[in-house]
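Just upload_39.cif here, mmCIF, C-alpha atoms:
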data_start
loop_
_atom_site.group_PDB
_atom_site.id
_atom_site.type_symbol
_atom_site.label_atom_id
_atom_site.label_comp_id
_atom_site.auth_asym_id
_atom_site.auth_seq_id
_atom_site.Cartn_x
_atom_site.Cartn_y
_atom_site.Cartn_z
ATOM 1 C CA MET A 1 119.424 59.687 48.064
ATOM 2 C CA ALA A 2 120.898 58.872 51.461
ATOM 3 C CA GLN A 3 119.363 60.495 54.538
ATOM 4 C CA LEU A 4 121.646 61.800 57.226
ATOM 5 C CA ASP A 5 120.767 60.648 60.728
ATOM 6 C CA VAL A 6 121.846 63.588 62.901
ATOM 7 C CA SER A 7 119.828 62.860 66.025
ATOM 8 C CA GLY A 8 121.796 59.906 67.364
ATOM 9 C CA GLY A 9 125.250 59.734 68.813
ATOM 10 C CA HIS A 10 126.746 58.663 65.500
ATOM 11 C CA ALA A 11 125.977 60.421 62.208
ATOM 12 C CA GLU A 12 125.666 57.357 59.968
ATOM 13 C CA THR A 13 123.784 57.526 56.712
ATOM 14 C CA VAL A 14 120.774 55.197 56.371
ATOM 15 C CA PRO A 15 119.714 54.400 52.800
ATOM 16 C CA SER A 16 116.474 56.071 51.834
ATOM 17 C CA GLY A 17 113.360 54.074 52.677
ATOM 18 C CA LEU A 18 115.047 52.021 55.387
ATOM 19 C CA VAL A 19 114.780 52.502 59.121
ATOM 20 C CA LYS A 20 117.400 51.659 61.703
ATOM 21 C CA PHE A 21 116.293 49.953 64.898
ATOM 22 C CA ASP A 22 117.942 49.355 68.221
ATOM 23 C CA VAL A 23 117.228 45.743 69.111
ATOM 24 C CA LEU A 24 117.278 44.069 72.507
ATOM 25 C CA VAL A 25 116.925 40.286 72.588
ATOM 26 C CA GLU A 26 116.450 38.896 76.086
ATOM 27 C CA VAL A 27 117.210 35.181 76.186
ATOM 28 C CA SER A 28 116.029 33.267 79.234
ATOM 29 C CA PRO A 29 115.520 29.630 80.193
ATOM 30 C CA ARG A 30 112.170 28.286 79.035
ATOM 31 C CA THR A 31 109.557 27.883 81.730
ATOM 32 C CA GLY A 32 109.879 24.376 83.045
ATOM 33 C CA ILE A 33 113.594 24.148 82.320
ATOM 34 C CA ALA A 34 115.649 24.141 85.516
ATOM 35 C CA ASP A 35 117.458 27.431 86.115
ATOM 36 C CA PRO A 36 120.114 26.672 88.742
ATOM 37 C CA GLN A 37 121.612 30.163 88.500
ATOM 38 C CA GLY A 38 118.255 31.764 89.198
ATOM 39 C CA GLN A 39 117.542 29.347 92.032
ATOM 40 C CA THR A 40 120.929 29.965 93.628
ATOM 41 C CA ILE A 41 120.415 33.743 93.530
ATOM 42 C CA GLU A 42 116.917 33.378 94.941
ATOM 43 C CA ARG A 43 118.219 31.229 97.789
ATOM 44 C CA SER A 44 121.040 33.674 98.562
ATOM 45 C CA LEU A 45 118.978 36.879 98.748
ATOM 46 C CA PRO A 46 117.370 36.286 102.186
ATOM 47 C CA ALA A 47 120.806 35.873 103.733
ATOM 48 C CA LEU A 48 121.578 39.405 102.514
ATOM 49 C CA GLY A 49 118.380 40.718 104.078
ATOM 50 C CA PHE A 50 116.183 40.742 100.972
ATOM 51 C CA GLY A 51 112.902 38.949 101.573
ATOM 52 C CA GLY A 52 109.867 38.405 99.411
ATOM 53 C CA VAL A 53 111.803 37.687 96.214
ATOM 54 C CA SER A 54 110.626 34.853 93.997
ATOM 55 C CA GLY A 55 110.779 33.715 90.398
ATOM 56 C CA VAL A 56 114.411 34.686 89.760
ATOM 57 C CA ARG A 57 115.467 33.822 86.220
ATOM 58 C CA VAL A 58 118.890 34.492 84.791
ATOM 59 C CA GLY A 59 119.397 34.931 81.085
ATOM 60 C CA LYS A 60 121.361 37.112 78.724
ATOM 61 C CA ALA A 61 120.808 40.328 76.818
ATOM 62 C CA ILE A 62 121.957 40.597 73.209
ATOM 63 C CA ARG A 63 121.861 44.081 71.754
ATOM 64 C CA PHE A 64 122.431 45.197 68.179
ATOM 65 C CA GLU A 65 121.175 47.496 65.431
ATOM 66 C CA VAL A 66 119.290 46.306 62.402
ATOM 67 C CA THR A 67 118.160 48.178 59.303
ATOM 68 C CA ALA A 68 114.907 47.231 57.607
ATOM 69 C CA GLU A 69 111.985 48.623 55.626
ATOM 70 C CA SER A 70 109.575 48.571 58.561
ATOM 71 C CA GLU A 71 109.265 47.536 62.171
ATOM 72 C CA ASP A 72 107.378 44.397 61.117
ATOM 73 C CA ALA A 73 110.149 43.466 58.695
ATOM 74 C CA ALA A 74 112.811 44.114 61.333
ATOM 75 C CA ARG A 75 110.938 42.087 63.928
ATOM 76 C CA ALA A 76 110.479 39.177 61.519
ATOM 77 C CA GLU A 77 114.189 39.163 60.733
ATOM 78 C CA VAL A 78 115.161 39.272 64.408
ATOM 79 C CA GLU A 79 112.731 36.498 65.314
ATOM 80 C CA ASP A 80 114.246 34.368 62.529
ATOM 81 C CA MET A 81 117.706 35.093 63.982
ATOM 82 C CA CYS A 82 116.465 34.010 67.405
ATOM 83 C CA ALA A 83 114.929 30.769 66.199
ATOM 84 C CA ARG A 84 117.923 29.756 64.111
ATOM 85 C CA PHE A 85 120.884 31.027 66.095
ATOM 86 C CA LEU A 86 120.517 33.361 69.061
ATOM 87 C CA THR A 87 118.474 30.903 71.116
ATOM 88 C CA ASN A 88 118.198 27.153 71.459
ATOM 89 C CA PRO A 89 114.416 26.706 71.366
ATOM 90 C CA VAL A 90 114.678 23.406 73.274
ATOM 91 C CA ILE A 91 115.830 25.183 76.424
ATOM 92 C CA GLU A 92 115.429 28.940 75.851
ATOM 93 C CA ASP A 93 112.789 31.587 75.186
ATOM 94 C CA SER A 94 113.411 35.044 73.809
ATOM 95 C CA ALA A 95 111.730 38.416 74.158
ATOM 96 C CA VAL A 96 112.439 40.966 71.431
ATOM 97 C CA SER A 97 112.245 44.763 71.877
ATOM 98 C CA LEU A 98 112.653 47.104 68.922
ATOM 99 C CA THR A 99 113.075 50.861 69.055
ATOM 100 C CA ALA A 100 113.415 52.945 65.909
ATOM 101 C CA VAL A 101 116.496 55.141 65.915
ATOM 102 C CA SER A 102 115.068 58.396 64.710
ATOM 103 C CA MET B 1 143.746 -2.065 56.480
ATOM 104 C CA SER B 2 142.787 -0.208 59.633
ATOM 105 C CA ALA B 3 139.780 2.036 60.042
ATOM 106 C CA VAL B 4 140.360 5.759 59.478
ATOM 107 C CA VAL B 5 138.630 7.932 62.062
ATOM 108 C CA GLY B 6 138.294 11.620 61.228
ATOM 109 C CA VAL B 7 138.422 13.796 64.336
ATOM 110 C CA VAL B 8 137.010 17.300 63.877
ATOM 111 C CA GLN B 9 139.091 20.181 65.223
ATOM 112 C CA PHE B 10 137.407 23.525 65.920
ATOM 113 C CA PRO B 11 139.163 26.568 67.333
ATOM 114 C CA GLY B 12 138.910 25.726 71.044
ATOM 115 C CA SER B 13 138.653 21.941 70.762
ATOM 116 C CA ASN B 14 141.111 20.347 73.180
ATOM 117 C CA CYS B 15 140.478 16.608 73.124
ATOM 118 C CA GLU B 16 141.112 15.870 69.482
ATOM 119 C CA LEU B 17 144.673 14.637 69.996
ATOM 120 C CA ASP B 18 143.558 12.359 72.846
ATOM 121 C CA VAL B 19 141.005 10.780 70.497
ATOM 122 C CA VAL B 20 143.622 10.331 67.760
ATOM 123 C CA GLU B 21 145.966 8.749 70.336
ATOM 124 C CA ALA B 22 143.244 6.414 71.632
ATOM 125 C CA VAL B 23 142.192 5.348 68.131
ATOM 126 C CA GLY B 24 145.822 4.622 67.279
ATOM 127 C CA ALA B 25 146.313 2.607 70.451
ATOM 128 C CA LEU B 26 143.425 0.371 69.389
ATOM 129 C CA GLY B 27 144.785 -0.219 65.894
ATOM 130 C CA GLY B 28 142.891 2.446 63.993
ATOM 131 C CA GLU B 29 144.209 5.577 62.285
ATOM 132 C CA GLY B 30 143.076 8.944 63.608
ATOM 133 C CA ARG B 31 143.049 11.928 61.254
ATOM 134 C CA ILE B 32 142.409 15.558 62.239
ATOM 135 C CA LEU B 33 139.648 17.268 60.225
ATOM 136 C CA TRP B 34 139.968 21.062 60.295
ATOM 137 C CA HIS B 35 136.590 22.737 60.889
ATOM 138 C CA GLY B 36 137.095 25.125 57.967
ATOM 139 C CA ASP B 37 137.290 22.354 55.376
ATOM 140 C CA GLU B 38 134.064 21.480 53.569
ATOM 141 C CA SER B 39 134.875 17.805 53.259
ATOM 142 C CA VAL B 40 135.623 14.961 55.680
ATOM 143 C CA GLY B 41 137.657 13.189 53.029
ATOM 144 C CA ASP B 42 137.817 9.443 52.854
ATOM 145 C CA VAL B 43 137.200 8.490 56.489
ATOM 146 C CA ASP B 44 135.349 5.496 57.889
ATOM 147 C CA ALA B 45 134.040 7.263 60.992
ATOM 148 C CA VAL B 46 133.842 10.790 62.389
ATOM 149 C CA VAL B 47 134.370 11.887 65.970
ATOM 150 C CA VAL B 48 133.459 15.380 67.156
ATOM 151 C CA PRO B 49 135.675 15.688 70.242
ATOM 152 C CA GLY B 50 135.526 17.519 73.544
ATOM 153 C CA GLY B 51 136.750 20.984 74.397
ATOM 154 C CA PHE B 52 135.378 24.505 74.123
ATOM 155 C CA ALA B 53 134.748 25.046 70.409
ATOM 156 C CA HIS B 54 134.580 28.796 69.700
ATOM 157 C CA GLY B 55 134.969 29.384 73.411
ATOM 158 C CA ASP B 56 131.444 28.053 74.020
ATOM 159 C CA TYR B 57 130.392 31.584 73.039
ATOM 160 C CA LEU B 58 126.613 32.133 72.839
ATOM 161 C CA ARG B 59 126.076 28.464 73.834
ATOM 162 C CA PRO B 60 128.330 25.409 73.659
ATOM 163 C CA GLY B 61 128.279 24.210 70.070
ATOM 164 C CA ALA B 62 126.054 27.059 68.851
ATOM 165 C CA ILE B 63 128.695 28.516 66.569
ATOM 166 C CA ALA B 64 130.567 25.280 65.783
ATOM 167 C CA ARG B 65 127.438 23.835 64.193
ATOM 168 C CA PHE B 66 127.786 26.377 61.394
ATOM 169 C CA SER B 67 131.418 25.498 60.621
ATOM 170 C CA PRO B 68 131.989 24.437 56.976
ATOM 171 C CA VAL B 69 132.914 20.860 57.935
ATOM 172 C CA MET B 70 129.528 20.235 59.575
ATOM 173 C CA GLY B 71 127.746 20.019 56.235
ATOM 174 C CA ALA B 72 130.016 17.133 55.289
ATOM 175 C CA VAL B 73 129.556 15.529 58.713
ATOM 176 C CA ALA B 74 125.776 15.719 58.307
ATOM 177 C CA GLU B 75 125.977 14.115 54.863
ATOM 178 C CA PHE B 76 128.287 11.396 56.206
ATOM 179 C CA ALA B 77 125.708 10.728 58.927
ATOM 180 C CA ARG B 78 122.819 10.683 56.445
ATOM 181 C CA GLU B 79 124.682 8.023 54.463
ATOM 182 C CA GLY B 80 124.863 5.858 57.583
ATOM 183 C CA GLY B 81 128.471 6.528 58.572
ATOM 184 C CA PRO B 82 129.310 6.361 62.307
ATOM 185 C CA VAL B 83 129.448 9.835 63.891
ATOM 186 C CA ILE B 84 130.313 10.097 67.592
ATOM 187 C CA GLY B 85 130.069 13.345 69.562
ATOM 188 C CA ILE B 86 132.020 13.362 72.845
ATOM 189 C CA CYS B 87 131.181 16.021 75.456
ATOM 190 C CA ASN B 88 131.433 19.323 73.524
ATOM 191 C CA GLY B 89 130.927 17.141 70.433
ATOM 192 C CA PHE B 90 127.587 15.941 71.853
ATOM 193 C CA GLN B 91 126.648 19.602 72.361
ATOM 194 C CA VAL B 92 127.612 20.384 68.741
ATOM 195 C CA LEU B 93 125.520 17.464 67.421
ATOM 196 C CA THR B 94 122.404 18.575 69.334
ATOM 197 C CA GLU B 95 122.833 22.178 68.185
ATOM 198 C CA ALA B 96 123.266 20.902 64.622
ATOM 199 C CA GLY B 97 120.045 18.918 64.884
ATOM 200 C CA LEU B 98 121.811 15.588 64.287
ATOM 201 C CA LEU B 99 120.635 14.456 67.718
ATOM 202 C CA PRO B 100 117.490 15.527 69.623
ATOM 203 C CA GLY B 101 117.334 17.434 72.898
ATOM 204 C CA ALA B 102 119.870 19.796 74.411
ATOM 205 C CA LEU B 103 122.634 19.963 77.007
ATOM 206 C CA HIS B 104 122.461 22.676 79.649
ATOM 207 C CA LYS B 105 123.987 23.640 82.997
ATOM 208 C CA ASN B 106 124.576 20.940 85.585
ATOM 209 C CA VAL B 107 121.960 21.083 88.347
ATOM 210 C CA GLY B 108 124.527 21.595 91.085
ATOM 211 C CA LEU B 109 126.078 24.480 89.122
ATOM 212 C CA ARG B 110 129.433 22.802 89.550
ATOM 213 C CA PHE B 111 131.971 21.876 86.916
ATOM 214 C CA VAL B 112 132.116 18.137 87.523
ATOM 215 C CA CYS B 113 135.385 16.380 86.876
ATOM 216 C CA ARG B 114 135.450 12.765 88.066
ATOM 217 C CA THR B 115 135.093 9.159 86.986
ATOM 218 C CA VAL B 116 131.505 7.879 86.883
ATOM 219 C CA GLY B 117 129.796 4.572 86.254
ATOM 220 C CA LEU B 118 127.921 4.218 82.973
ATOM 221 C CA ARG B 119 125.493 1.413 82.204
ATOM 222 C CA VAL B 120 125.301 0.169 78.626
ATOM 223 C CA GLU B 121 121.610 0.195 77.720
ATOM 224 C CA THR B 122 121.744 -1.110 74.152
ATOM 225 C CA THR B 123 124.165 -2.588 71.634
ATOM 226 C CA ARG B 124 122.187 -1.117 68.749
ATOM 227 C CA SER B 125 124.422 1.957 68.440
ATOM 228 C CA ALA B 126 127.747 2.554 66.705
ATOM 229 C CA LEU B 127 129.245 3.302 70.138
ATOM 230 C CA THR B 128 128.104 0.132 71.927
ATOM 231 C CA ALA B 129 127.783 -2.570 69.258
ATOM 232 C CA SER B 130 130.832 -4.367 70.651
ATOM 233 C CA ALA B 131 129.870 -3.885 74.314
ATOM 234 C CA GLU B 132 127.311 -5.785 76.411
ATOM 235 C CA VAL B 133 123.925 -4.648 77.683
ATOM 236 C CA GLY B 134 124.092 -4.172 81.440
ATOM 237 C CA GLN B 135 127.864 -3.695 81.443
ATOM 238 C CA VAL B 136 128.944 -0.921 83.845
ATOM 239 C CA LEU B 137 131.900 1.107 82.601
ATOM 240 C CA GLN B 138 134.022 3.549 84.641
ATOM 241 C CA VAL B 139 134.636 6.584 82.422
ATOM 242 C CA PRO B 140 135.642 10.176 83.309
ATOM 243 C CA ILE B 141 133.358 13.156 82.867
ATOM 244 C CA ASN B 142 134.554 16.735 82.725
ATOM 245 C CA HIS B 143 131.813 19.313 82.143
ATOM 246 C CA PHE B 144 129.704 22.205 83.396
ATOM 247 C CA GLU B 145 126.873 21.919 80.872
ATOM 248 C CA GLY B 146 126.247 18.199 80.585
ATOM 249 C CA ASN B 147 122.679 18.145 81.855
ATOM 250 C CA TYR B 148 120.736 16.410 79.058
ATOM 251 C CA THR B 149 117.152 17.524 78.604
ATOM 252 C CA CYS B 150 114.345 17.070 76.097
ATOM 253 C CA ASP B 151 110.569 17.339 76.084
ATOM 254 C CA ASP B 152 108.272 14.482 77.117
ATOM 255 C CA ALA B 153 107.495 13.426 73.551
ATOM 256 C CA THR B 154 111.181 13.214 72.656
ATOM 257 C CA LEU B 155 111.980 11.232 75.797
ATOM 258 C CA ALA B 156 109.170 8.786 75.041
ATOM 259 C CA ALA B 157 110.457 8.365 71.493
ATOM 260 C CA LEU B 158 114.055 7.849 72.652
ATOM 261 C CA LYS B 159 112.941 5.075 74.975
ATOM 262 C CA ALA B 160 110.559 3.473 72.493
ATOM 263 C CA ASN B 161 113.159 3.456 69.687
ATOM 264 C CA ASP B 162 116.019 2.093 71.813
ATOM 265 C CA GLN B 163 117.968 5.349 71.405
ATOM 266 C CA VAL B 164 119.149 5.666 75.014
ATOM 267 C CA VAL B 165 122.677 4.288 74.752
ATOM 268 C CA LEU B 166 124.237 4.968 78.178
ATOM 269 C CA ARG B 167 122.806 5.917 81.582
ATOM 270 C CA TYR B 168 124.612 7.207 84.657
ATOM 271 C CA VAL B 169 124.616 4.770 87.570
ATOM 272 C CA ASP B 170 124.710 7.805 89.897
ATOM 273 C CA ASN B 171 123.489 10.923 88.051
ATOM 274 C CA PRO B 172 126.148 13.633 88.449
ATOM 275 C CA ASN B 173 124.461 16.521 86.606
ATOM 276 C CA GLY B 174 120.665 16.175 86.648
ATOM 277 C CA SER B 175 120.286 14.703 83.166
ATOM 278 C CA ILE B 176 116.722 13.623 82.452
ATOM 279 C CA ASP B 177 116.196 9.881 83.011
ATOM 280 C CA ASP B 178 119.908 9.644 83.981
ATOM 281 C CA ILE B 179 120.817 9.790 80.300
ATOM 282 C CA ALA B 180 124.556 9.968 79.573
ATOM 283 C CA GLY B 181 124.424 9.200 75.866
ATOM 284 C CA ILE B 182 121.875 8.826 73.075
ATOM 285 C CA SER B 183 121.771 7.860 69.429
ATOM 286 C CA ASN B 184 119.712 8.905 66.450
ATOM 287 C CA GLU B 185 116.988 6.532 65.221
ATOM 288 C CA ALA B 186 119.354 4.619 62.935
ATOM 289 C CA GLY B 187 121.947 4.231 65.686
ATOM 290 C CA ASN B 188 124.884 5.529 63.633
ATOM 291 C CA VAL B 189 125.032 8.981 65.257
ATOM 292 C CA VAL B 190 125.799 8.867 68.986
ATOM 293 C CA GLY B 191 126.439 11.608 71.517
ATOM 294 C CA LEU B 192 127.762 11.126 75.046
ATOM 295 C CA MET B 193 129.076 13.465 77.721
ATOM 296 C CA PRO B 194 131.751 11.105 79.192
ATOM 297 C CA HIS B 195 135.217 10.757 77.635
ATOM 298 C CA PRO B 196 136.015 7.181 76.531
ATOM 299 C CA GLU B 197 139.329 8.333 75.023
ATOM 300 C CA ARG B 198 140.503 9.072 78.589
ATOM 301 C CA ALA B 199 139.827 5.502 79.753
ATOM 302 C CA ILE B 200 141.922 3.330 77.506
ATOM 303 C CA SER B 201 144.571 2.131 79.935
ATOM 304 C CA ASP B 202 144.883 1.139 83.585
ATOM 305 C CA LEU B 203 147.655 3.745 83.708
ATOM 306 C CA LEU B 204 144.893 6.333 83.197
ATOM 307 C CA GLY B 205 142.760 4.739 85.913
ATOM 308 C CA SER B 206 140.398 2.797 83.672
ATOM 309 C CA SER B 207 140.412 0.954 80.376
ATOM 310 C CA ASP B 208 136.595 0.825 80.246
ATOM 311 C CA GLY B 209 136.559 3.214 77.297
ATOM 312 C CA VAL B 210 137.987 0.432 75.146
ATOM 313 C CA PRO B 211 134.689 -1.417 74.431
ATOM 314 C CA LEU B 212 133.149 1.901 73.304
ATOM 315 C CA LEU B 213 136.038 2.921 71.027
ATOM 316 C CA ARG B 214 136.328 -0.678 69.798
ATOM 317 C CA SER B 215 132.666 -0.494 68.740
ATOM 318 C CA ILE B 216 133.387 2.576 66.625
ATOM 319 C CA LEU B 217 136.362 0.919 64.932
ATOM 320 C CA ASP B 218 134.440 -2.320 64.328
ATOM 321 C CA ARG B 219 131.514 -0.360 62.887
ATOM 322 C CA ALA B 220 133.849 1.798 60.807
ATOM 323 C CA VAL B 221 135.424 -1.187 59.110
ATOM 324 C CA ALA B 222 132.034 -2.660 58.253
ATOM 325 C CA PRO B 223 130.021 0.405 57.268
ATOM 326 C CA ALA B 224 126.273 0.067 56.746
ATOM 327 C CA ARG B 225 126.178 2.484 53.800
#

Is it possible to express this structure as structure tokens?
Amino acid sequence: MAQLDVSGGHAETVPSGLVKFDVLVEVSPRTGIADPQGQTIERSLPALGFGGVSGVRVGKAIRFEVTAESEDAARAEVEDMCARFLTNPVIEDSAVSLTAVS
Amino acid sequence: MSAVVGVVQFPGSNCELDVVEAVGALGGEGRILWHGDESVGDVDAVVVPGGFAHGDYLRPGAIARFSPVMGAVAEFAREGGPVIGICNGFQVLTEAGLLPGALHKNVGLRFVCRTVGLRVETTRSALTASAEVGQVLQVPINHFEGNYTCDDATLAALKANDQVVLRYVDNPNGSIDDIAGISNEAGNVVGLMPHPERAISDLLGSSDGVPLLRSILDRAVAPAR
């Protein structure tokens, strides 16, 4: 029987036994790969009066919801998505954050 | 009978007609291959042209590599057919795993649009078989993410296997080892960032693209499959 999710902003039904997760995938250039956007920002900050900033890396955030049986299952699916599509492993790394929507 | 060159067209490709025009000018027959079709038909060579396939969304070539036609292109390549990726096409071929390494943002963070000198490094590829080693060709480039990169092991393998096809005389984008174009191990799949189809006539400023396109047509007529 479907469970009604009334705590979130949208009252969508989630099939029984499955959990919905909010996913954040942060894609950034792999360490060692040149990041000209990050370097340009880092070089520009002192001119604006911000000192002591180093290690600027610019990437992208991909957010979505996924439904799975468990957090491990959801994470495995998202990591598969990252390896095969959301990132290019030659030049990018990803960091995955999962939060159950309860 | 002239060689038939299939030119893939994705939503957002913008150089496919230039390639068809250039192939025709050299005596071949260019044919547009729609990305949604699962077959390349009866072509003698395939070109994946420049442009912004799928808007370069996610990454250049990241979505195009999953288009239905790419399965047929991969099979055509496996059978030894000549497959040339130009600019965005090179990006698509690396994303599809048909060529190693990746293309990313130019080091100067500028969209570079000018004619550059390319040195032919080998005649072992489908793109340079009818050119000469050491020849310097003036060919236009037009890209923001043409910086070729790969890990040390891949670079060593590319050099050892004679897979570096073209190098920049004066590196415009930071590409590793000044690499402008590479091939797969067999030499039938080639990717390059410069646009030979834009250098086929002195009216365009250079006809140095002719030896490269001529190589494709010569190879297409005498396929090694």

- State, in Å with one decimal place, the distance from CA of Pro11 (chain B) to CA of Val48 (chain B). 12.6 Å

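Taking CA of Asn14 (chain B) and CA of Ala53 (chain B) as the two end points, the separation is 8.4 Å.
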
At a cut-off of 10 Å, which residues of chain A touch chain B? Count only C-alpha atoms and give the answer as an mmCIF file with C-alpha atoms, in the coordinates of the input.
data_model
loop_
_atom_site.group_PDB
_atom_site.id
_atom_site.type_symbol
_atom_site.label_atom_id
_atom_site.label_comp_id
_atom_site.auth_asym_id
_atom_site.auth_seq_id
_atom_site.Cartn_x
_atom_site.Cartn_y
_atom_site.Cartn_z
ATOM 1 C CA PRO A 29 115.520 29.630 80.193
ATOM 2 C CA GLY A 32 109.879 24.376 83.045
ATOM 3 C CA ILE A 33 113.594 24.148 82.320
ATOM 4 C CA ALA A 34 115.649 24.141 85.516
ATOM 5 C CA ASP A 35 117.458 27.431 86.115
ATOM 6 C CA PRO A 36 120.114 26.672 88.742
ATOM 7 C CA GLN A 37 121.612 30.163 88.500
ATOM 8 C CA THR A 40 120.929 29.965 93.628
ATOM 9 C CA LYS A 60 121.361 37.112 78.724
ATOM 10 C CA ILE A 62 121.957 40.597 73.209
ATOM 11 C CA ARG A 84 117.923 29.756 64.111
ATOM 12 C CA PHE A 85 120.884 31.027 66.095
ATOM 13 C CA LEU A 86 120.517 33.361 69.061
ATOM 14 C CA THR A 87 118.474 30.903 71.116
ATOM 15 C CA ASN A 88 118.198 27.153 71.459
ATOM 16 C CA PRO A 89 114.416 26.706 71.366
ATOM 17 C CA VAL A 90 114.678 23.406 73.274
ATOM 18 C CA ILE A 91 115.830 25.183 76.424
#

- Item | For CA of Thr123 (chain B) and CA of Leu213 (chain B), the interatomic separation in Å (one decimal) |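 Computing it gives 13.1 Å between the two atoms.
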
- Query: What lies within 12 Å of Ala74 (chain A) using only C-alpha atoms, ignoring chain neighbours under 5 positions off, as a ChimeraX atom specification?
  - Reply: /A:18-23,64-69,79-81,96-100

- Task: Using the chain letters and residue numbers of this document, give as a PyMOL selection string the residues selected by the PyMOL selection byres ((chain B and resi 19) around 8).
- Result: chain B and resi 7+15-18+20-23+30+49+197

- Residues selected by the PyMOL selection byres ((chain B and resi 179-193) around 7), written as a VMD selection string: chain B and resid 77 80 to 87 90 99 124 to 127 141 146 148 161 163 to 168 175 to 178 194 to 195

Please produce an output containing C-alpha atoms for each residue in the selection, written as a PDB file, in the frame of the given file.
ATOM      1  CA  ALA B  77     125.708  10.728  58.927  1.00  0.00           C
ATOM      2  CA  GLY B  80     124.863   5.858  57.583  1.00  0.00           C
ATOM      3  CA  GLY B  81     128.471   6.528  58.572  1.00  0.00           C
ATOM      4  CA  PRO B  82     129.310   6.361  62.307  1.00  0.00           C
ATOM      5  CA  VAL B  83     129.448   9.835  63.891  1.00  0.00           C
ATOM      6  CA  ILE B  84     130.313  10.097  67.592  1.00  0.00           C
ATOM      7  CA  GLY B  85     130.069  13.345  69.562  1.00  0.00           C
ATOM      8  CA  ILE B  86     132.020  13.362  72.845  1.00  0.00           C
ATOM      9  CA  CYS B  87     131.181  16.021  75.456  1.00  0.00           C
ATOM     10  CA  PHE B  90     127.587  15.941  71.853  1.00  0.00           C
ATOM     11  CA  LEU B  99     120.635  14.456  67.718  1.00  0.00           C
ATOM     12  CA  ARG B 124     122.187  -1.117  68.749  1.00  0.00           C
ATOM     13  CA  SER B 125     124.422   1.957  68.440  1.00  0.00           C
ATOM     14  CA  ALA B 126     127.747   2.554  66.705  1.00  0.00           C
ATOM     15  CA  LEU B 127     129.245   3.302  70.138  1.00  0.00           C
ATOM     16  CA  ILE B 141     133.358  13.156  82.867  1.00  0.00           C
ATOM     17  CA  GLY B 146     126.247  18.199  80.585  1.00  0.00           C
ATOM     18  CA  TYR B 148     120.736  16.410  79.058  1.00  0.00           C
ATOM     19  CA  ASN B 161     113.159   3.456  69.687  1.00  0.00           C
ATOM     20  CA  GLN B 163     117.968   5.349  71.405  1.00  0.00           C
ATOM     21  CA  VAL B 164     119.149   5.666  75.014  1.00  0.00           C
ATOM     22  CA  VAL B 165     122.677   4.288  74.752  1.00  0.00           C
ATOM     23  CA  LEU B 166     124.237   4.968  78.178  1.00  0.00           C
ATOM     24  CA  ARG B 167     122.806   5.917  81.582  1.00  0.00           C
ATOM     25  CA  TYR B 168     124.612   7.207  84.657  1.00  0.00           C
ATOM     26  CA  SER B 175     120.286  14.703  83.166  1.00  0.00           C
ATOM     27  CA  ILE B 176     116.722  13.623  82.452  1.00  0.00           C
ATOM     28  CA  ASP B 177     116.196   9.881  83.011  1.00  0.00           C
ATOM     29  CA  ASP B 178     119.908   9.644  83.981  1.00  0.00           C
ATOM     30  CA  PRO B 194     131.751  11.105  79.192  1.00  0.00           C
ATOM     31  CA  HIS B 195     135.217  10.757  77.635  1.00  0.00           C
TER      32      HIS B 195
END
